[in-house]
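Notes to accompany the following structure.
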Amino acid sequence: ETGVTQTPRHLVMGMTNKKSLKCEQHLGHNAMYWYKQSAKKPLELMFVYSLEERVENNSVPSRFSPECPNSSHLFLHLHTLQPEDSALYLCASSQDFRRGGTDTQYFGPGTRLTVL
Amino acid sequence: GQQLNQSPQSMFIQEGEDVSMNCTSSSIFNTWLWYKQDPGEGPVLLIALYKAGELTSNGRLTAQFGITRKDSFLNISASIPSDVGIYFCAAAGGTSYGKLTFGQGTILTVHP
């Protein structure tokens, strides 16, 4: 399998549930990203991991908890979410993450999350 | 912060027509990328541009990295129904540490 994969593709959860989103990249990249895409809004960067270390946290609420156990896998743990958290959550990877870098990001298909 | 202004916001065209969209910014970037996103899917990279003035083609798609490093355009020639989707520009290498800045997207509708 190649590229960036995400599971599940669709998720419906209640506000009291705990769930996790999974991302896996098969590109040998060192950096991975979580984005949130809401309707009619630009992509919002949530977290960045470089060599398994979190290097960016864009003021994301603590009900979203990322985990990067190795350079190929990235998780987003969800708990006590709100209906406004319903969105498409996209994972991406790039070769590296560096200042002024030209590293192209490759996206997964996303997880469509609905919070009831 | 850095922003990309992408236009037009939406386009309705007939099959066979050519399409042009662009992104501009007041900031300088080192990389311009163009992505296409189908409904319910993640963005797929179409063209990557790494040098000012660079003109790159990918089939019916042509994109250019503006000489000022503040803009880029994407052209689609002889559009077909499967060109329907949202096209995003993205740029990197400005003052944001390695991050991509995204445009708002252009929604393309192609009528057969």
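We label chains A, B, ... in the order they appear in the structure tokens, count residues from 1 in each chain, and number ligands from 1 in the order shown.
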Q) For chain B, which residues have at least one atom within 12 Å of chain A, if we go by only C-alpha atoms? Write them as a VMD selection string, please. A) chain B and resid 3 to 6 9 to 10 28 to 51 86 to 107
From a DSSP calculation on the backbone, collect every residue of range 24-93 of chain B in strand (DSSP E) and output the set as a compact mmCIF listing (two decimals) with N, CA and C atoms, in the first residue's frame.
```txt
# COMPACT_ATOMS: atom_id res chain seq x y z
N THR B 24 -2.78 35.06 -4.92
CA THR B 24 -1.86 36.16 -4.68
C THR B 24 -1.65 36.35 -3.19
N THR B 31 7.76 28.10 -2.21
CA THR B 31 7.09 26.96 -2.84
C THR B 31 5.63 27.30 -3.07
N TRP B 32 5.14 26.95 -4.24
CA TRP B 32 3.70 27.06 -4.51
C TRP B 32 3.21 25.68 -4.93
N LEU B 33 2.07 25.30 -4.37
CA LEU B 33 1.48 23.99 -4.66
C LEU B 33 0.04 24.18 -5.08
N TRP B 34 -0.41 23.31 -5.96
CA TRP B 34 -1.82 23.29 -6.34
C TRP B 34 -2.38 21.90 -6.06
N TYR B 35 -3.51 21.88 -5.34
CA TYR B 35 -4.18 20.64 -4.99
C TYR B 35 -5.60 20.64 -5.55
N LYS B 36 -6.12 19.43 -5.78
CA LYS B 36 -7.53 19.26 -6.11
C LYS B 36 -8.17 18.36 -5.07
N GLN B 37 -9.38 18.75 -4.64
CA GLN B 37 -10.08 17.95 -3.65
C GLN B 37 -11.46 17.58 -4.18
N VAL B 44 -5.49 16.24 -3.33
CA VAL B 44 -4.50 15.49 -4.10
C VAL B 44 -3.59 16.50 -4.79
N LEU B 45 -2.29 16.31 -4.65
CA LEU B 45 -1.34 17.23 -5.24
C LEU B 45 -1.38 17.15 -6.76
N LEU B 46 -1.51 18.31 -7.41
CA LEU B 46 -1.53 18.38 -8.87
C LEU B 46 -0.16 18.80 -9.41
N ILE B 47 0.33 19.92 -8.91
CA ILE B 47 1.58 20.50 -9.41
C ILE B 47 2.29 21.16 -8.24
N ALA B 48 3.62 21.00 -8.21
CA ALA B 48 4.47 21.66 -7.23
C ALA B 48 5.47 22.56 -7.96
N LEU B 49 5.64 23.76 -7.46
CA LEU B 49 6.53 24.75 -8.08
C LEU B 49 7.54 25.21 -7.04
N LEU B 55 7.48 27.38 -14.86
CA LEU B 55 6.23 27.03 -15.52
C LEU B 55 6.22 25.51 -15.67
N THR B 56 5.22 24.87 -15.10
CA THR B 56 5.18 23.40 -15.09
C THR B 56 3.84 22.89 -15.59
N SER B 57 3.88 21.83 -16.37
CA SER B 57 2.65 21.23 -16.88
C SER B 57 2.49 19.81 -16.37
N ASN B 58 1.22 19.42 -16.24
CA ASN B 58 0.86 18.06 -15.86
C ASN B 58 -0.38 17.71 -16.67
N LEU B 61 -3.04 20.44 -17.31
CA LEU B 61 -2.84 21.46 -16.29
C LEU B 61 -1.49 22.15 -16.47
N THR B 62 -1.50 23.45 -16.31
CA THR B 62 -0.27 24.24 -16.35
C THR B 62 -0.30 25.22 -15.18
N ALA B 63 0.81 25.31 -14.47
CA ALA B 63 0.89 26.25 -13.35
C ALA B 63 2.19 27.02 -13.43
N GLN B 64 2.17 28.24 -12.93
CA GLN B 64 3.38 29.06 -12.92
C GLN B 64 3.60 29.67 -11.54
N PHE B 65 4.86 29.75 -11.17
CA PHE B 65 5.32 30.39 -9.94
C PHE B 65 5.69 31.81 -10.35
N ASP B 71 2.84 35.18 -6.15
CA ASP B 71 1.62 34.72 -6.77
C ASP B 71 1.86 33.48 -7.63
N SER B 72 0.76 32.84 -7.99
CA SER B 72 0.82 31.66 -8.84
C SER B 72 -0.51 31.53 -9.56
N PHE B 73 -0.50 30.93 -10.74
CA PHE B 73 -1.77 30.65 -11.41
C PHE B 73 -1.80 29.19 -11.87
N LEU B 74 -3.02 28.72 -12.06
CA LEU B 74 -3.26 27.37 -12.56
C LEU B 74 -4.21 27.46 -13.75
N ASN B 75 -3.85 26.87 -14.85
CA ASN B 75 -4.71 26.80 -16.02
C ASN B 75 -5.07 25.35 -16.30
N ILE B 76 -6.33 25.14 -16.66
CA ILE B 76 -6.79 23.83 -17.11
C ILE B 76 -7.31 24.01 -18.52
N GLY B 85 -14.48 19.84 -8.94
CA GLY B 85 -13.92 19.70 -7.61
C GLY B 85 -13.52 21.05 -7.07
N ILE B 86 -12.82 21.02 -5.95
CA ILE B 86 -12.29 22.25 -5.35
C ILE B 86 -10.79 22.28 -5.54
N TYR B 87 -10.30 23.37 -6.06
CA TYR B 87 -8.87 23.53 -6.31
C TYR B 87 -8.30 24.49 -5.26
N PHE B 88 -7.23 24.06 -4.60
CA PHE B 88 -6.59 24.88 -3.58
C PHE B 88 -5.18 25.22 -4.00
N CYS B 89 -4.81 26.46 -3.76
CA CYS B 89 -3.40 26.79 -3.82
C CYS B 89 -2.84 26.72 -2.41
N ALA B 90 -1.56 26.48 -2.30
CA ALA B 90 -0.89 26.47 -1.01
C ALA B 90 0.53 26.95 -1.23
N ALA B 91 1.09 27.58 -0.22
CA ALA B 91 2.44 28.12 -0.35
C ALA B 91 3.21 27.88 0.93
N ALA B 92 4.51 27.73 0.78
CA ALA B 92 5.38 27.47 1.93
C ALA B 92 6.66 28.28 1.80
```
Using only C-alpha atoms, the best pick from A:Ser65, A:Ser50, A:Ser93, A:Asn57 as closest to His79 in chain A would be A:Ser65
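Restricting the calculation to only C-alpha atoms, the smallest distance between His26 in chain A and any of A:Ser38, A:Ser86, A:Ser72, A:Asn58 is found for A:Ser72.
Rounded to one decimal, CA of Pro8 in chain B and CA of Ile80 in chain B lie 18.8 Å from each other.
Atom pair CA of Met13 in chain A / CA of Asp85 in chain A: separated by 10.8 Å.
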Report, in Å to a single decimal, how far apart CA of Val110 in chain B and CA of Ser79 in chain B are.
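So the answer is 7.3 Å.
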Worksheet item: Skipping near chain neighbours, those fewer than 4 positions away, what residues fall within 12 Å of Cys68 in chain A using only C-alpha atoms, listed as a PyMOL selection string?
Response: chain A and resi 21-25+30-34+47-55+72-77
